[in-house]
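Note sheet for the following structure.
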Amino acid sequence: MANNQPCREDLPEHIGIIMDGNGRWAKKRALPRKYGHREGAKAFRKIVEYCDKIGLHYLTVYAFSTENWKRPKDEVDSIMQLLEQYIDEAFDHKNESDGVRTKFIGDMSALSPVLQEKIKRIEALGEGKSGLLVNVALNYGGRHELVHSMRALAEMVREQKIAPEEIDEAMVSDHLYTAGQPDPDLIIRPSGEERLSNFLIWQAAYSEFVFMDVLWPDFKPEHLEEAIRIFNQRHRRFGGI
Ligand code: FPP
């Protein structure tokens, strides 16, 4: 499992992926969009398996944004179903993926009670483990996450636990869904689109971006390796020279 493996030297610590292109994948085959999501969920499983195998520490995937509720109900339902299936399978195979931990980031209160319950159970299964941590961003929006953090800090000010001038960057980070985790080093967006779409907007301040011309259902470990190779050619300066 990931935690027992020596970390490959060329590996970033944290990779984020915007799993884009499911709809276009289906359209190219004249299939309903939900088939694209089904194939996208398969690609996701393979990538999680691979990231665990190579010893990656953190993977964050964008599964459903706060804006995705605008899609037809049938499509939204199919994505939620795939997520439930993923959780059910993770339980069925819990011994095989021993070290992998799953965490859901986003506003879970809008999800069905059944899905919320499953999420709590799968997160509890990972407690005490130290392998690959997979953050599934669900009903997630970077701006919403920042509002959530700011409200928590405002509450602390109101309760006079902190003074406004004590608020610093670390405090904001500590109240994000990703509190305690390193920021993503590399963010990959397949499908040819080149934007962040409200994904990890605070955490991505110094991330390297790799945009790839492959639709998410076709994304394979080879594409991940290619993105890591490109990442390793970049010279990260973090504002220095
Ligand atoms: C973006 O492609 C993809 C989504 C909004 C959904 C992503 C969901 C999955 C990959 C399945 C989730 C399941 C698990 C188990 C994580 P798009 O639909 O916007 O594609 P398009 O831009 O080609 O229309």
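In the structure tokens, the first chain shown is A, the next is B, and so on; residue numbers restart at 1 for each chain, and ligands run from 1 in the order shown.
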
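Once region 16-27 of chain A and its same-chain neighbours fewer than 2 positions away are set aside, Arg29, Ala30, Leu31, Arg33, Gly36, His37, Leu59, Thr60, Val61, Tyr62, Ile187, Ile188, Arg189, Pro190, Ser191, Leu215 and Trp216 of chain A remain within 6 Å of it when counting only C-alpha atoms.
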
Could those residues be written to a file, using all heavy atoms, as a CSV table (one decimal), in the first residue's frame?
chain,number,residue,atom,x,y,z
A,29,ARG,N,-20.1,9.3,-29.4
A,29,ARG,CA,-20.6,7.9,-29.6
A,29,ARG,C,-22.1,7.9,-29.8
A,29,ARG,O,-22.7,6.8,-29.7
A,29,ARG,CB,-20.1,7.0,-28.5
A,29,ARG,CG,-18.6,6.8,-28.6
A,29,ARG,CD,-18.1,6.3,-27.2
A,29,ARG,NE,-16.6,6.1,-27.4
A,29,ARG,CZ,-15.7,7.0,-27.4
A,29,ARG,NH1,-16.1,8.3,-27.2
A,29,ARG,NH2,-14.4,6.7,-27.5
A,30,ALA,N,-22.7,9.1,-29.8
A,30,ALA,CA,-24.2,9.2,-29.9
A,30,ALA,C,-24.8,8.5,-28.7
A,30,ALA,O,-25.9,7.9,-28.9
A,30,ALA,CB,-24.7,8.7,-31.2
A,31,LEU,N,-24.2,8.6,-27.5
A,31,LEU,CA,-24.8,8.0,-26.3
A,31,LEU,C,-25.3,9.1,-25.4
A,31,LEU,O,-24.8,10.2,-25.4
A,31,LEU,CB,-23.7,7.1,-25.6
A,31,LEU,CG,-23.2,5.9,-26.3
A,31,LEU,CD1,-21.9,5.4,-25.6
A,31,LEU,CD2,-24.3,4.8,-26.3
A,33,ARG,N,-25.5,11.3,-22.1
A,33,ARG,CA,-24.3,11.8,-21.3
A,33,ARG,C,-24.0,10.9,-20.1
A,33,ARG,O,-22.8,10.8,-19.7
A,33,ARG,CB,-24.6,13.2,-20.8
A,33,ARG,CG,-24.7,14.2,-21.9
A,33,ARG,CD,-25.2,15.6,-21.3
A,33,ARG,NE,-24.2,16.1,-20.4
A,33,ARG,CZ,-23.1,16.8,-20.7
A,33,ARG,NH1,-22.8,17.1,-21.9
A,33,ARG,NH2,-22.3,17.2,-19.7
A,36,GLY,N,-21.2,8.6,-20.5
A,36,GLY,CA,-19.9,9.2,-20.4
A,36,GLY,C,-19.5,9.3,-18.9
A,36,GLY,O,-18.3,9.0,-18.6
A,37,HIS,N,-20.4,9.6,-18.0
A,37,HIS,CA,-20.1,9.6,-16.6
A,37,HIS,C,-19.7,8.2,-16.1
A,37,HIS,O,-18.9,8.1,-15.2
A,37,HIS,CB,-21.2,10.2,-15.8
A,37,HIS,CG,-21.5,11.7,-16.2
A,37,HIS,ND1,-20.5,12.6,-16.2
A,37,HIS,CD2,-22.7,12.3,-16.5
A,37,HIS,CE1,-21.0,13.8,-16.6
A,37,HIS,NE2,-22.3,13.6,-16.8
A,59,LEU,N,-4.6,12.9,-3.6
A,59,LEU,CA,-5.3,13.1,-4.9
A,59,LEU,C,-6.6,13.7,-4.7
A,59,LEU,O,-7.4,13.3,-3.8
A,59,LEU,CB,-5.5,11.7,-5.6
A,59,LEU,CG,-6.3,11.7,-6.9
A,59,LEU,CD1,-5.5,12.3,-8.0
A,59,LEU,CD2,-6.7,10.3,-7.3
A,60,THR,N,-6.9,14.8,-5.4
A,60,THR,CA,-8.2,15.5,-5.3
A,60,THR,C,-8.9,15.5,-6.6
A,60,THR,O,-8.3,16.0,-7.6
A,60,THR,CB,-8.0,16.9,-4.7
A,60,THR,OG1,-7.4,16.9,-3.4
A,60,THR,CG2,-9.4,17.6,-4.5
A,61,VAL,N,-10.1,15.0,-6.7
A,61,VAL,CA,-10.8,15.0,-8.0
A,61,VAL,C,-12.0,15.8,-7.9
A,61,VAL,O,-12.7,15.8,-6.8
A,61,VAL,CB,-11.1,13.6,-8.5
A,61,VAL,CG1,-9.9,12.8,-8.8
A,61,VAL,CG2,-12.0,12.8,-7.5
A,62,TYR,N,-12.4,16.5,-9.0
A,62,TYR,CA,-13.6,17.3,-9.0
A,62,TYR,C,-14.7,16.5,-9.6
A,62,TYR,O,-14.7,16.2,-10.8
A,62,TYR,CB,-13.3,18.5,-10.0
A,62,TYR,CG,-14.0,19.8,-9.7
A,62,TYR,CD1,-13.8,20.9,-10.5
A,62,TYR,CD2,-15.0,19.9,-8.7
A,62,TYR,CE1,-14.5,22.1,-10.2
A,62,TYR,CE2,-15.6,21.1,-8.4
A,62,TYR,CZ,-15.4,22.2,-9.2
A,62,TYR,OH,-16.0,23.4,-9.0
A,187,ILE,N,-2.1,20.5,-11.0
A,187,ILE,CA,-3.5,20.3,-11.3
A,187,ILE,C,-3.6,19.9,-12.8
A,187,ILE,O,-3.1,20.6,-13.7
A,187,ILE,CB,-4.3,21.6,-11.0
A,187,ILE,CG1,-4.3,21.8,-9.5
A,187,ILE,CG2,-5.8,21.5,-11.5
A,187,ILE,CD1,-5.2,22.9,-9.0
A,188,ILE,N,-4.3,18.8,-13.1
A,188,ILE,CA,-4.5,18.4,-14.4
A,188,ILE,C,-5.9,18.6,-14.9
A,188,ILE,O,-6.8,18.2,-14.2
A,188,ILE,CB,-4.2,16.8,-14.5
A,188,ILE,CG1,-2.8,16.5,-13.9
A,188,ILE,CG2,-4.3,16.3,-15.9
A,188,ILE,CD1,-2.5,15.0,-13.7
A,189,ARG,N,-6.1,19.1,-16.1
A,189,ARG,CA,-7.4,19.2,-16.7
A,189,ARG,C,-7.4,18.6,-18.0
A,189,ARG,O,-6.8,19.1,-19.0
A,189,ARG,CB,-7.9,20.6,-16.7
A,189,ARG,CG,-9.3,20.7,-17.3
A,189,ARG,CD,-10.0,22.0,-17.1
A,189,ARG,NE,-11.5,21.8,-17.4
A,189,ARG,CZ,-12.4,22.7,-16.9
A,189,ARG,NH1,-12.1,23.7,-16.2
A,189,ARG,NH2,-13.7,22.5,-17.2
A,190,PRO,N,-8.0,17.4,-18.2
A,190,PRO,CA,-8.1,16.9,-19.5
A,190,PRO,C,-9.2,17.5,-20.3
A,190,PRO,O,-9.9,18.4,-19.8
A,190,PRO,CB,-8.4,15.4,-19.3
A,190,PRO,CG,-9.0,15.4,-17.9
A,190,PRO,CD,-8.6,16.6,-17.2
A,191,SER,N,-9.4,17.1,-21.5
A,191,SER,CA,-10.6,17.5,-22.4
A,191,SER,C,-10.3,18.8,-23.2
A,191,SER,O,-11.2,19.2,-24.0
A,191,SER,CB,-11.9,17.7,-21.6
A,191,SER,OG,-12.1,19.0,-21.2
A,215,LEU,N,-10.2,13.2,-23.5
A,215,LEU,CA,-11.4,13.3,-22.7
A,215,LEU,C,-11.3,12.3,-21.5
A,215,LEU,O,-10.6,11.3,-21.5
A,215,LEU,CB,-12.6,12.8,-23.6
A,215,LEU,CG,-12.8,13.7,-24.8
A,215,LEU,CD1,-13.9,13.1,-25.7
A,215,LEU,CD2,-13.1,15.2,-24.5
A,216,TRP,N,-11.9,12.8,-20.4
A,216,TRP,CA,-11.6,12.1,-19.1
A,216,TRP,C,-11.9,10.5,-19.2
A,216,TRP,O,-11.0,9.8,-18.7
A,216,TRP,CB,-12.4,12.7,-17.9
A,216,TRP,CG,-12.3,11.9,-16.7
A,216,TRP,CD1,-13.2,11.1,-16.1
A,216,TRP,CD2,-11.1,11.7,-15.9
A,216,TRP,NE1,-12.7,10.4,-15.0
A,216,TRP,CE2,-11.4,10.8,-14.9
A,216,TRP,CE3,-9.8,12.2,-16.0
A,216,TRP,CZ2,-10.4,10.4,-13.9
A,216,TRP,CZ3,-8.8,11.7,-15.1
A,216,TRP,CH2,-9.2,10.9,-14.1

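Proximity ranking of A:Ile228, A:Ile54, A:Leu153, A:Met80 relative to ligand 1 places A:Met80 first, based on only C-alpha atoms and all ligand atoms.
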
Q.
I'd like the neighbourhood of region 175-179 of chain A as a list in words, where a residue qualifies if any of its atoms comes within 10 Å (using only C-alpha atoms), though same-chain residues fewer than 5 positions away should be ignored.
A.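 Skipping anything fewer than 5 positions along the chain leaves Thr60, Lys103, Phe104, Ile105, Gly106, Asp107, Asn135, Ala137, Tyr140, Gly142, His144, Glu145, Leu146, Val147, His148, Ser149, Met150, Arg151, Ala152, Leu153, Ala170, Leu200, Trp202 and Gln203 of chain A.
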
For this session: Find, counting only C-alpha atoms and all ligand atoms, the residue in A:Asn139, A:Ser173, A:Gln116, A:Ser207 that gets nearest to ligand 1.
Result: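 Between A:Asn139, A:Ser173, A:Gln116, A:Ser207, the residue approaching ligand 1 most closely is A:Asn139.
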
Practice problem: Among the residues of region 3-166 of chain A, find those DSSP assigns to alpha helix (DSSP H) from the backbone and print them as a ChimeraX atom specification. | Solution: /A:22-28,33-54,73-92,113-125,142-158
